[in-house]
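Dropping model-v5.txt in here (compact mmCIF, C-alpha atoms):
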# COMPACT_ATOMS: atom_id res chain seq x y z
CA MET A 24 -7.61 4.73 19.04
CA LYS A 25 -7.85 1.30 17.54
CA PHE A 26 -6.53 1.07 14.00
CA THR A 27 -8.24 -0.95 11.33
CA ARG A 28 -8.27 -1.09 7.57
CA ARG A 29 -10.33 1.95 6.65
CA THR A 30 -8.12 4.74 7.89
CA ALA A 31 -4.96 2.72 7.51
CA LEU A 32 -5.61 2.91 3.79
CA ALA A 33 -5.26 6.68 3.96
CA ALA A 34 -2.07 6.36 5.94
CA SER A 35 -0.82 3.80 3.45
CA ALA A 36 -1.15 6.17 0.58
CA ALA A 37 0.83 8.78 2.44
CA ALA A 38 3.48 6.74 3.96
CA THR A 39 5.05 3.48 3.16
CA THR A 40 2.90 2.46 0.74
CA THR A 41 1.87 3.29 4.01
CA ALA A 42 3.51 6.10 5.64
CA ALA A 43 2.14 5.80 8.58
CA LEU A 44 0.70 7.23 11.22
CA ALA A 45 -2.28 5.94 11.67
CA ALA A 46 -5.34 4.51 10.52
CA CYS A 47 -8.43 3.33 12.10
CA GLY A 48 -11.82 1.96 11.24
CA SER A 49 -14.85 3.05 13.17
CA SER A 50 -18.53 3.65 13.54
CA THR A 51 -20.42 6.77 12.56
CA GLY A 52 -22.71 9.21 14.24
CA SER A 53 -22.85 11.08 17.51
CA SER A 54 -23.86 9.97 20.92
CA GLY A 55 -24.45 11.90 24.08
CA GLY A 56 -23.10 11.09 27.48
CA GLY A 57 -25.14 9.47 30.19
CA GLY A 58 -26.09 12.61 32.08
CA GLN A 59 -29.49 14.30 32.03
CA GLY A 60 -29.35 18.04 31.48
CA GLY A 61 -26.58 19.94 33.23
CA ASP A 62 -25.23 23.45 33.78
CA VAL A 63 -22.23 22.84 31.51
CA GLU A 64 -22.32 21.01 28.21
CA LEU A 65 -18.96 19.78 26.94
CA THR A 66 -18.55 18.49 23.41
CA VAL A 67 -15.84 15.93 22.70
CA ALA A 68 -14.84 15.20 19.09
CA THR A 69 -13.10 11.89 18.40
CA PHE A 70 -12.74 9.45 15.54
CA ASN A 71 -12.57 5.71 15.41
CA GLU A 72 -12.08 4.04 18.78
CA PHE A 73 -10.65 6.09 21.63
CA GLY A 74 -12.38 3.83 24.16
CA TYR A 75 -14.16 6.68 25.96
CA GLU A 76 -17.79 5.56 25.69
CA GLU A 77 -17.76 3.96 29.16
CA LEU A 78 -15.87 6.89 30.65
CA PHE A 79 -18.25 9.71 29.74
CA PRO A 80 -21.12 8.54 31.99
CA GLN A 81 -18.65 8.03 34.83
CA TYR A 82 -17.36 11.59 34.50
CA GLU A 83 -20.90 12.99 34.45
CA GLU A 84 -21.76 11.03 37.58
CA GLU A 85 -18.64 12.28 39.36
CA ASN A 86 -19.19 15.86 38.17
CA PRO A 87 -22.87 16.81 38.65
CA GLY A 88 -23.97 19.57 36.34
CA VAL A 89 -21.74 18.45 33.46
CA LYS A 90 -23.20 16.86 30.34
CA ILE A 91 -20.91 15.42 27.66
CA VAL A 92 -21.93 15.30 24.01
CA HIS A 93 -19.78 12.97 21.94
CA ARG A 94 -19.14 13.83 18.28
CA LYS A 95 -17.67 10.72 16.73
CA ALA A 96 -16.49 11.10 13.14
CA ALA A 97 -16.79 8.25 10.69
CA SER A 98 -13.05 8.24 10.03
CA SER A 99 -9.88 10.10 10.92
CA GLU A 100 -10.06 11.84 7.53
CA ASP A 101 -13.48 13.27 8.38
CA ALA A 102 -12.28 14.33 11.82
CA ARG A 103 -9.25 16.09 10.36
CA ALA A 104 -11.42 17.94 7.82
CA ASN A 105 -13.79 19.07 10.56
CA LEU A 106 -10.90 20.23 12.72
CA MET A 107 -9.20 22.21 9.97
CA SER A 108 -12.50 23.82 8.90
CA GLY A 109 -13.24 24.89 12.47
CA LEU A 110 -9.77 26.30 12.97
CA ALA A 111 -9.95 28.28 9.74
CA ALA A 112 -13.40 29.62 10.59
CA GLY A 113 -12.54 30.41 14.20
CA SER A 114 -15.66 28.63 15.44
CA GLY A 115 -17.49 25.33 15.40
CA LEU A 116 -14.95 23.12 17.15
CA ALA A 117 -15.69 20.84 20.08
CA ASP A 118 -14.55 21.79 23.57
CA VAL A 119 -12.16 18.82 23.44
CA GLU A 120 -10.75 17.69 20.10
CA GLY A 121 -9.10 14.38 19.24
CA ILE A 122 -5.86 14.89 17.31
CA GLU A 123 -3.96 12.25 15.36
CA VAL A 124 -0.19 12.37 15.72
CA GLY A 125 0.29 13.02 12.01
CA TRP A 126 -1.73 16.25 12.09
CA TRP A 127 0.69 18.30 14.17
CA ALA A 128 2.51 19.62 11.11
CA GLU A 129 -0.69 21.17 9.79
CA LEU A 130 -1.55 22.54 13.21
CA LEU A 131 1.71 24.45 13.65
CA GLN A 132 0.11 27.54 12.11
CA TYR A 133 -2.71 27.31 14.65
CA ALA A 134 -0.66 26.65 17.77
CA ASP A 135 -1.71 29.98 19.28
CA VAL A 136 -5.40 29.05 19.20
CA PHE A 137 -4.98 25.93 21.33
CA GLU A 138 -4.83 26.11 25.09
CA ASP A 139 -1.56 25.44 26.87
CA LEU A 140 -2.31 22.28 28.85
CA ALA A 141 0.90 22.29 30.89
CA ASP A 142 0.10 21.76 34.56
CA PRO A 143 2.20 20.60 37.52
CA ASP A 144 -0.49 18.02 38.29
CA VAL A 145 0.16 16.15 35.02
CA GLU A 146 3.91 16.67 34.74
CA GLY A 147 5.65 13.35 34.11
CA ARG A 148 2.38 11.56 33.32
CA TRP A 149 3.43 10.51 29.80
CA LEU A 150 6.44 8.97 28.18
CA ASP A 151 8.84 11.82 27.40
CA TRP A 152 8.75 11.39 23.64
CA LYS A 153 4.96 11.49 23.63
CA THR A 154 4.90 14.84 25.42
CA GLU A 155 7.70 16.32 23.34
CA ALA A 156 5.81 15.64 20.12
CA ALA A 157 2.86 17.72 21.38
CA THR A 158 4.93 20.66 22.58
CA ILE A 159 4.81 23.54 20.10
CA ASP A 160 6.64 26.81 20.76
CA GLY A 161 6.96 25.86 24.41
CA LYS A 162 3.24 25.08 24.78
CA LEU A 163 1.86 21.65 25.60
CA VAL A 164 -1.07 21.62 23.18
CA GLY A 165 -2.09 17.98 23.51
CA TYR A 166 -2.53 15.33 26.19
CA GLY A 167 -1.38 11.92 24.99
CA THR A 168 -3.89 9.10 24.59
CA ASP A 169 -2.66 5.95 22.81
CA ILE A 170 0.62 4.96 21.16
CA GLY A 171 1.81 2.32 18.70
CA PRO A 172 5.09 0.81 19.94
CA GLU A 173 6.44 -1.65 17.40
CA ALA A 174 7.25 -5.32 17.95
CA VAL A 175 7.72 -8.20 15.48
CA ALA A 176 4.96 -10.72 14.79
CA PHE A 177 6.10 -14.07 13.45
CA ARG A 178 4.92 -17.52 12.36
CA GLY A 179 6.57 -19.94 14.76
CA ASP A 180 5.48 -22.94 12.72
CA LEU A 181 7.24 -21.59 9.62
CA LEU A 182 10.41 -20.84 11.59
CA GLU A 183 10.52 -24.48 12.67
CA GLN A 184 10.69 -25.46 9.02
CA ALA A 185 13.99 -23.57 8.82
CA ASP A 186 15.26 -25.04 12.10
CA MET A 187 15.05 -21.58 13.66
CA PRO A 188 13.77 -20.92 17.17
CA SER A 189 10.00 -20.61 17.42
CA ASP A 190 10.01 -19.67 21.10
CA ARG A 191 9.32 -15.94 21.33
CA THR A 192 12.17 -15.26 23.77
CA GLU A 193 14.71 -17.16 21.70
CA PHE A 194 13.41 -15.56 18.52
CA ALA A 195 13.83 -12.10 20.06
CA GLU A 196 17.41 -12.99 20.91
CA LEU A 197 17.97 -14.13 17.33
CA LEU A 198 16.84 -10.75 16.00
CA ALA A 199 18.59 -8.61 18.61
CA GLY A 200 20.57 -6.00 16.73
CA ASP A 201 20.06 -3.70 13.76
CA TRP A 202 18.15 -4.01 10.49
CA ASN A 203 21.01 -5.86 8.87
CA THR A 204 20.54 -8.59 11.47
CA TYR A 205 16.82 -8.80 10.75
CA PHE A 206 17.42 -9.07 7.01
CA GLU A 207 20.33 -11.53 7.25
CA VAL A 208 18.28 -13.86 9.43
CA GLY A 209 15.50 -13.48 6.90
CA ARG A 210 17.74 -14.47 4.04
CA GLN A 211 18.75 -17.62 5.89
CA PHE A 212 15.07 -18.39 6.44
CA VAL A 213 14.18 -17.88 2.78
CA GLU A 214 17.07 -20.03 1.60
CA ALA A 215 15.87 -22.82 3.88
CA THR A 216 12.15 -22.63 3.11
CA GLY A 217 11.51 -20.63 -0.04
CA ILE A 218 8.92 -18.61 1.90
CA PRO A 219 9.23 -14.79 1.97
CA TRP A 220 10.54 -13.29 5.21
CA PHE A 221 8.36 -10.17 5.49
CA ASP A 222 5.15 -8.90 3.89
CA GLY A 223 6.48 -6.01 1.84
CA ALA A 224 9.18 -3.37 1.57
CA GLY A 225 6.65 -0.55 1.94
CA GLY A 226 5.48 -1.54 5.39
CA THR A 227 9.02 -2.33 6.46
CA TYR A 228 10.26 1.05 5.21
CA ASN A 229 7.67 2.69 7.42
CA GLY A 230 9.18 1.10 10.51
CA MET A 231 12.69 2.04 9.45
CA VAL A 232 12.17 5.65 8.45
CA GLN A 233 10.27 6.49 11.63
CA GLN A 234 13.39 5.75 13.64
CA LEU A 235 15.01 8.85 12.12
CA ALA A 236 14.72 12.06 14.10
CA ASN A 237 14.51 14.12 10.90
CA PRO A 238 13.44 11.89 8.01
CA TYR A 239 12.68 14.57 5.44
CA GLU A 240 12.89 17.97 7.13
CA ASN A 241 15.23 19.85 9.40
CA ALA A 242 14.06 20.92 12.85
CA ASP A 243 13.11 24.35 11.47
CA GLY A 244 10.82 22.74 8.90
CA THR A 245 13.01 23.27 5.86
CA PRO A 246 12.99 20.23 3.55
CA ILE A 247 16.07 18.05 3.17
CA PRO A 248 16.61 17.68 -0.61
CA LEU A 249 15.95 14.07 -1.49
CA ALA A 250 19.11 13.90 -3.59
CA ASP A 251 21.10 14.85 -0.46
CA ASN A 252 19.16 12.72 2.03
CA ALA A 253 21.79 10.09 2.87
CA ASP A 254 19.74 8.52 5.67
CA VAL A 255 16.69 7.85 3.51
CA LYS A 256 18.79 6.65 0.59
CA ALA A 257 20.63 4.22 2.89
CA ILE A 258 17.31 2.70 3.99
CA TYR A 259 16.15 2.50 0.39
CA ASP A 260 19.36 0.78 -0.70
CA LEU A 261 19.22 -1.70 2.18
CA LEU A 262 15.69 -2.70 1.24
CA VAL A 263 16.76 -3.09 -2.38
CA GLU A 264 19.64 -5.32 -1.29
CA PHE A 265 17.19 -7.66 0.41
CA LYS A 266 14.24 -7.32 -1.96
CA ASP A 267 14.48 -11.06 -2.67
CA ILE A 268 13.17 -11.85 0.82
CA SER A 269 10.12 -9.57 0.54
CA ALA A 270 6.71 -11.02 -0.32
CA GLY A 271 6.05 -7.88 -2.36
CA TYR A 272 2.67 -7.04 -0.86
CA THR A 273 1.16 -3.59 -0.30
CA GLN A 274 -0.42 -3.49 3.14
CA TRP A 275 -4.24 -3.38 3.20
CA GLU A 276 -4.56 -4.50 -0.42
CA GLU A 277 -6.58 -7.65 -1.16
CA ASP A 278 -3.58 -9.86 -1.95
CA TRP A 279 -1.94 -8.85 1.34
CA THR A 280 -5.13 -9.66 3.24
CA ALA A 281 -5.50 -13.02 1.50
CA SER A 282 -1.85 -13.98 2.08
CA PHE A 283 -2.49 -14.50 5.80
CA GLN A 284 -4.49 -17.61 4.97
CA ASP A 285 -1.49 -19.07 3.15
CA ASP A 286 2.19 -19.26 3.98
CA GLY A 287 2.54 -15.77 2.59
CA PHE A 288 5.44 -14.63 4.80
CA ALA A 289 7.00 -15.37 8.16
CA THR A 290 7.30 -12.00 9.93
CA MET A 291 5.89 -8.48 9.91
CA LEU A 292 6.26 -5.32 11.97
CA CYS A 293 3.42 -5.13 14.46
CA PRO A 294 2.27 -2.26 16.71
CA PRO A 295 -0.47 -3.22 19.19
CA TRP A 296 -3.32 -1.96 17.01
CA MET A 297 -2.14 -4.27 14.19
CA MET A 298 -2.97 -7.33 16.29
CA GLY A 299 -6.66 -6.97 15.40
CA PRO A 300 -6.27 -6.81 11.61
CA LEU A 301 -3.61 -9.53 11.66
CA SER A 302 -5.62 -11.98 13.75
CA GLY A 303 -8.73 -11.22 11.71
CA ASN A 304 -6.99 -11.84 8.39
CA ALA A 305 -5.31 -14.98 9.73
CA ASP A 306 -8.42 -16.36 11.42
CA GLY A 307 -8.04 -20.11 11.81
CA VAL A 308 -4.30 -20.06 11.10
CA GLU A 309 -2.15 -21.32 13.94
CA GLY A 310 1.44 -20.37 14.62
CA TRP A 311 1.42 -16.57 14.96
CA ASP A 312 3.26 -15.08 17.93
CA ILE A 313 4.75 -11.74 18.98
CA ALA A 314 8.32 -11.15 20.13
CA ASP A 315 9.66 -8.42 22.39
CA VAL A 316 12.11 -7.10 19.80
CA PHE A 317 12.35 -4.46 17.10
CA PRO A 318 15.33 -3.97 14.80
CA GLY A 319 17.44 -0.96 15.69
CA GLY A 320 15.87 -0.48 19.13
CA GLY A 321 12.39 1.03 19.37
CA GLY A 322 9.85 2.45 16.97
CA ASN A 323 6.34 3.87 17.05
CA TRP A 324 3.55 3.73 14.48
CA GLY A 325 0.42 5.67 15.31
CA GLY A 326 -1.18 7.32 18.28
CA SER A 327 -3.35 10.28 19.22
CA TYR A 328 -3.87 13.21 21.56
CA ILE A 329 -6.73 15.32 22.83
CA SER A 330 -6.52 19.11 22.80
CA VAL A 331 -8.57 22.08 23.97
CA PRO A 332 -9.22 24.80 21.35
CA SER A 333 -9.22 28.35 22.71
CA GLN A 334 -12.47 29.17 20.89
CA GLY A 335 -14.52 27.12 23.35
CA GLU A 336 -16.93 28.60 25.90
CA ASN A 337 -16.00 26.24 28.75
CA ILE A 338 -12.23 26.14 28.54
CA GLU A 339 -11.44 25.40 32.17
CA GLU A 340 -14.03 22.62 32.35
CA ALA A 341 -12.69 21.24 29.08
CA LYS A 342 -9.15 21.19 30.44
CA LYS A 343 -10.38 19.35 33.51
CA LEU A 344 -12.12 16.72 31.38
CA ALA A 345 -9.10 16.31 29.09
CA ALA A 346 -6.82 15.75 32.06
CA TRP A 347 -9.23 13.20 33.55
CA LEU A 348 -9.67 11.26 30.30
CA THR A 349 -5.90 10.92 29.90
CA ALA A 350 -5.16 9.96 33.49
CA PRO A 351 -3.58 6.49 33.84
CA GLU A 352 -6.70 4.99 35.42
CA GLN A 353 -8.94 6.07 32.56
CA GLN A 354 -6.49 5.01 29.88
CA VAL A 355 -6.42 1.51 31.36
CA VAL A 356 -10.21 1.43 30.99
CA ALA A 357 -9.88 2.60 27.37
CA PHE A 358 -7.33 -0.13 26.72
CA GLN A 359 -9.62 -2.78 28.16
CA ALA A 360 -12.52 -1.47 26.07
CA GLN A 361 -10.82 -1.00 22.70
CA GLY A 362 -7.20 -2.13 22.94
CA THR A 363 -5.80 1.39 22.68
CA PHE A 364 -2.33 1.07 24.15
CA PRO A 365 -1.71 3.82 26.75
CA SER A 366 1.08 6.38 26.71
CA GLN A 367 0.96 7.05 30.48
CA VAL A 368 3.92 5.81 32.52
CA GLU A 369 1.82 4.56 35.42
CA ALA A 370 -0.65 2.83 33.10
CA LEU A 371 2.17 0.88 31.48
CA ASP A 372 3.11 -0.50 34.90
CA SER A 373 -0.47 -1.34 35.90
CA ASP A 374 -1.55 -4.88 36.68
CA GLU A 375 -4.20 -4.66 33.96
CA ILE A 376 -1.61 -3.94 31.27
CA MET A 377 1.13 -6.21 32.56
CA SER A 378 -1.22 -9.18 32.84
CA SER A 379 -2.76 -8.74 29.39
CA THR A 380 -2.31 -11.69 27.00
CA ASN A 381 -3.57 -12.51 23.51
CA GLU A 382 -4.85 -16.01 22.85
CA PHE A 383 -4.44 -15.83 19.08
CA PHE A 384 -0.74 -15.02 19.39
CA ASN A 385 0.05 -18.15 21.38
CA ASP A 386 -1.06 -16.45 24.62
CA ALA A 387 1.74 -13.90 24.24
CA PRO A 388 2.02 -11.46 27.18
CA VAL A 389 1.24 -8.57 24.87
CA GLY A 390 0.81 -5.99 27.63
CA GLU A 391 4.25 -6.69 29.00
CA ILE A 392 5.79 -6.86 25.52
CA TYR A 393 4.37 -3.57 24.30
CA ALA A 394 5.11 -1.78 27.56
CA GLU A 395 8.73 -2.80 27.11
CA ARG A 396 8.66 -1.73 23.45
CA ALA A 397 7.23 1.66 24.46
CA THR A 398 10.12 2.39 26.79
CA ALA A 399 12.58 1.43 24.03
CA ILE A 400 11.44 4.32 21.82
CA GLU A 401 14.01 7.10 21.81
CA VAL A 402 12.77 9.47 19.12
CA GLN A 403 9.53 10.50 17.50
CA PRO A 404 10.30 11.65 13.96
CA PHE A 405 9.86 15.31 13.12
CA MET A 406 6.88 15.58 10.80
CA GLY A 407 6.70 19.03 9.31
CA ALA A 408 4.37 20.39 6.67
CA ASN A 409 6.13 18.48 3.89
CA PHE A 410 6.50 15.09 5.56
CA PHE A 411 3.67 13.33 3.81
CA VAL A 412 4.29 14.57 0.29
CA ILE A 413 7.98 13.64 0.46
CA ASN A 414 7.26 10.33 2.11
CA THR A 415 4.75 9.53 -0.61
CA VAL A 416 7.42 10.12 -3.26
CA VAL A 417 9.75 7.62 -1.58
CA ALA A 418 6.98 5.13 -0.78
CA ASP A 419 5.84 5.17 -4.39
CA ALA A 420 9.41 4.52 -5.51
CA ILE A 421 9.60 1.46 -3.25
CA THR A 422 6.25 0.15 -4.49
CA ARG A 423 7.40 0.40 -8.10
CA TRP A 424 10.18 -2.14 -7.61
CA ASP A 425 8.84 -4.21 -4.71
CA VAL A 426 5.34 -4.72 -6.13
CA ASP A 427 5.55 -3.80 -9.81
CA GLY A 428 9.03 -5.08 -10.65
CA GLN A 429 10.63 -1.86 -11.90
CA ASP A 430 14.40 -1.45 -11.75
CA PRO A 431 15.20 0.11 -8.32
CA ASP A 432 17.76 2.56 -9.72
CA GLU A 433 15.33 3.79 -12.34
CA SER A 434 12.64 4.09 -9.71
CA TRP A 435 14.92 6.23 -7.51
CA GLU A 436 15.68 8.56 -10.42
CA GLN A 437 11.94 8.85 -10.94
CA ALA A 438 11.56 9.70 -7.26
CA LEU A 439 14.18 12.46 -7.53
CA ALA A 440 12.29 13.94 -10.47
CA ALA A 441 9.01 13.73 -8.56
CA TYR A 442 10.62 15.47 -5.60
CA ASP A 443 11.86 18.30 -7.81
CA GLU A 444 8.35 18.72 -9.18
CA LEU A 445 7.12 19.43 -5.64
CA GLY A 446 8.97 22.74 -5.83
CA LEU A 447 9.99 22.69 -2.18

Rewrite the structure of this file - the entire thing - as structure tokens.
Amino acid sequence: MKFTRRTALAASAAATTTAALAACGSSTGSSGGGGQGGDVELTVATFNEFGYEELFPQYEEENPGVKIVHRKAASSEDARANLMSGLAAGSGLADVEGIEVGWWAELLQYADVFEDLADPDVEGRWLDWKTEAATIDGKLVGYGTDIGPEAVAFRGDLLEQADMPSDRTEFAELLAGDWNTYFEVGRQFVEATGIPWFDGAGGTYNGMVQQLANPYENADGTPIPLADNADVKAIYDLLVEFKDISAGYTQWEEDWTASFQDDGFATMLCPPWMMGPLSGNADGVEGWDIADVFPGGGGNWGGSYISVPSQGENIEEAKKLAAWLTAPEQQVVAFQAQGTFPSQVEALDSDEIMSSTNEFFNDAPVGEIYAERATAIEVQPFMGANFFVINTVVADAITRWDVDGQDPDESWEQALAAYDELGL
């Protein structure tokens, strides 16, 4: 689905000042498919922009007797509430349900009431990490739709002021390495120009923490005490060390949005869905580009699945539709319609993806770049039932010093106290 400001605000609050996972703006209401009547009526519940509107009439035409009714929630929050209510009640869900990647933790208790979608015909269709994230107790409970592989967006014109390479290939080579490399280059840039290197520590933390296999919880779901979480503390300390090169903005807030019209900062982490908000905020500003690089390797921010609840009356037909919607050919159509970047291996290699460019970002070959970034992802972080509450504690601590100017050590002590109050 395509992410925009509305649902990203909810993700912000939970995850890095934005924790994460997703966020998308959208339209409201429901719309039926293009068929007339039919022996089987299949309901499909989505939120925001999955890019399926053009696909439903095609499926009805290719499958006489099937009528699709589309339930499109106003936001991902509304969709999640509807899903959880239907699961608790044991009725009322659509035949096919859209699932955001961040909801899996809540759905663990309901894994037995989703159909196992494993099938030899779809084996190997998705990137491995996408499938693994939707496998619960040995069951494949979701077919992957879109993903959010991370790259780095940058202002080439500002880099030239620091005598740094503005060519996207040379810039990627400059940043090749770990987060220390990214920050050290940034410090050189700030010393040369006086312009901040990145938009804010909150958004940057989001990209860093999601490279950890177990950010806040062990594989069995037990929380890692924040006072003992060396990996998270190391990220926190590194951001503190380089806080002087942060612009100190909270993503999606008004000052962040306005900063794109000025020389607010030179770089920011950028999954494919962020291209829309960025280019919209920076409308009329020249110099933005995207580089095929991400500190520390690969990272993912956002993405969704579709699942088939066992309470439906047309389970086999629903499985068939879910498999068709997430086939490479259909996901290419969804990408062309709404920019939802596909998670299917064959789709990533398609001519339509590989030839995709973006005029605003200096005609960057964004399809090729993000396909490469997708294959660089090695882990999808474990997000158990406590991920969001713990992440919020850390994100709030970062905001206090990056945005509000509090002492970082004091803010961390406050975070430890807040964690203890969770009673985990």

Could you please give me, as a ChimeraX atom specification, the residues of protein, DNA or RNA lying at most 12 Å from (-8.6, -20.8, 12.7) in the coordinate frame of the file, considering only C-alpha atoms?
/A:283-284,302-311,382-384

Spatial neighbours of Thr154 of chain A, max dist 12 Å, all atoms listed in the file, sep filter under 3 positions, as JSON, numbers by chain
{"A": [124, 140, 141, 145, 146, 147, 148, 149, 150, 151, 157, 158, 159, 161, 162, 163, 164, 165, 166, 167, 168, 169, 170, 327, 328, 329, 366, 367, 368, 402, 403]}

Quick one: residues within 9 Å of Trp202 of chain A, all atoms listed in the file counted, chain neighbours fewer than 6 positions away excluded, as a list in words?
Met231, Leu261, Phe317, Pro318 and Gly319 of chain A

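Candidate residues A:Asp312, A:Glu64, A:Glu76, A:Glu336 were compared for distance to Leu348 of chain A, and the nearest is A:Glu76, using only C-alpha atoms.
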
Pick the closest to Leu235 of chain A from A:Trp435, A:Phe405, A:Phe137, A:Phe410: which is it, counting all atoms listed in the file?
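Going through A:Trp435, A:Phe405, A:Phe137, A:Phe410 one by one, the smallest distance to Leu235 of chain A is for A:Phe405.
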
Could you give me, as a PyMOL selection string, the residues within 12 Å of segment 105-117 of chain A, counting only C-alpha atoms and dropping anything in the same chain fewer than 5 positions from it?
chain A and resi 64-70+91-100+122-123+126-127+129-137+329-338+341

Give the answer as one residue: which of A:Glu240, A:Asp286, A:Asp315, A:Asp144 has the shortest atom-to-atom distance to Arg396 of chain A, using only C-alpha atoms?
A:Asp315

Compute the distance from (16.9, 0.9, 17.9) to each atom, counting all atoms listed in the file, keep the residues with any atom at most 8 Å away, and return them as an MDAnalysis selection string; use the coordinates of the file.
chainID A and resid 200:201 234 317:322 399:401

Write out, as a compact mmCIF listing (two decimals), in the frame of the given file, the residues just selected, with C-alpha atoms.
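New file again-v9.txt:
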# COMPACT_ATOMS: atom_id res chain seq x y z
CA GLY A 200 20.57 -6.00 16.73
CA ASP A 201 20.06 -3.70 13.76
CA GLN A 234 13.39 5.75 13.64
CA PHE A 317 12.35 -4.46 17.10
CA PRO A 318 15.33 -3.97 14.80
CA GLY A 319 17.44 -0.96 15.69
CA GLY A 320 15.87 -0.48 19.13
CA GLY A 321 12.39 1.03 19.37
CA GLY A 322 9.85 2.45 16.97
CA ALA A 399 12.58 1.43 24.03
CA ILE A 400 11.44 4.32 21.82
CA GLU A 401 14.01 7.10 21.81

Need the shell around segment 371-373 of chain A: protein/DNA/RNA residues with any atom at most 12 Å away, counting all atoms listed in the file. Skip same-chain ones fewer than 3 positions apart. Format as a VMD selection string?
chain A and resid 148 to 150 169 to 170 172 350 to 356 358 363 to 368 376 to 379 389 to 398

Closest to Gly446 of chain A among A:Thr227, A:Asn414, A:Asn385, A:Asn409, using only C-alpha atoms?
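Checking each candidate against Gly446 of chain A, we get A:Asn409 as the closest.
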
For segment 344-356 of chain A, which lacks atoms in the input, supply N, CA, C and O atoms and format the output as an mmCIF file, in the frame of the given file.
data_model
loop_
_atom_site.group_PDB
_atom_site.id
_atom_site.type_symbol
_atom_site.label_atom_id
_atom_site.label_comp_id
_atom_site.auth_asym_id
_atom_site.auth_seq_id
_atom_site.Cartn_x
_atom_site.Cartn_y
_atom_site.Cartn_z
ATOM 1 N N LEU A 344 -11.698 17.986 31.990
ATOM 2 C CA LEU A 344 -12.120 16.720 31.380
ATOM 3 C C LEU A 344 -10.981 16.071 30.608
ATOM 4 O O LEU A 344 -10.774 14.848 30.700
ATOM 5 N N ALA A 345 -10.218 16.862 29.861
ATOM 6 C CA ALA A 345 -9.100 16.310 29.090
ATOM 7 C C ALA A 345 -8.064 15.671 30.003
ATOM 8 O O ALA A 345 -7.525 14.593 29.695
ATOM 9 N N ALA A 346 -7.789 16.313 31.109
ATOM 10 C CA ALA A 346 -6.820 15.750 32.060
ATOM 11 C C ALA A 346 -7.347 14.457 32.664
ATOM 12 O O ALA A 346 -6.588 13.489 32.847
ATOM 13 N N TRP A 347 -8.639 14.405 32.957
ATOM 14 C CA TRP A 347 -9.230 13.200 33.550
ATOM 15 C C TRP A 347 -9.236 12.045 32.551
ATOM 16 O O TRP A 347 -8.890 10.910 32.905
ATOM 17 N N LEU A 348 -9.608 12.324 31.305
ATOM 18 C CA LEU A 348 -9.670 11.260 30.300
ATOM 19 C C LEU A 348 -8.302 10.638 30.039
ATOM 20 O O LEU A 348 -8.212 9.456 29.685
ATOM 21 N N THR A 349 -7.248 11.429 30.196
ATOM 22 C CA THR A 349 -5.900 10.920 29.900
ATOM 23 C C THR A 349 -5.117 10.563 31.150
ATOM 24 O O THR A 349 -3.907 10.357 31.079
ATOM 25 N N ALA A 350 -5.810 10.461 32.287
ATOM 26 C CA ALA A 350 -5.160 9.960 33.490
ATOM 27 C C ALA A 350 -4.913 8.457 33.329
ATOM 28 O O ALA A 350 -5.635 7.778 32.590
ATOM 29 N N PRO A 351 -3.903 7.916 33.993
ATOM 30 C CA PRO A 351 -3.580 6.490 33.840
ATOM 31 C C PRO A 351 -4.773 5.564 34.073
ATOM 32 O O PRO A 351 -4.980 4.606 33.320
ATOM 33 N N GLU A 352 -5.585 5.868 35.102
ATOM 34 C CA GLU A 352 -6.700 4.990 35.420
ATOM 35 C C GLU A 352 -7.701 4.904 34.268
ATOM 36 O O GLU A 352 -8.216 3.817 33.938
ATOM 37 N N GLN A 353 -7.985 6.050 33.660
ATOM 38 C CA GLN A 353 -8.940 6.070 32.560
ATOM 39 C C GLN A 353 -8.366 5.439 31.295
ATOM 40 O O GLN A 353 -9.091 4.794 30.523
ATOM 41 N N GLN A 354 -7.079 5.599 31.067
ATOM 42 C CA GLN A 354 -6.490 5.010 29.880
ATOM 43 C C GLN A 354 -6.412 3.488 29.977
ATOM 44 O O GLN A 354 -6.442 2.799 28.953
ATOM 45 N N VAL A 355 -6.328 2.966 31.178
ATOM 46 C CA VAL A 355 -6.420 1.510 31.360
ATOM 47 C C VAL A 355 -7.808 1.026 30.971
ATOM 48 O O VAL A 355 -7.970 -0.006 30.299
ATOM 49 N N VAL A 356 -8.841 1.779 31.365
ATOM 50 C CA VAL A 356 -10.210 1.430 30.990
ATOM 51 C C VAL A 356 -10.370 1.466 29.474
ATOM 52 O O VAL A 356 -10.984 0.573 28.872
#
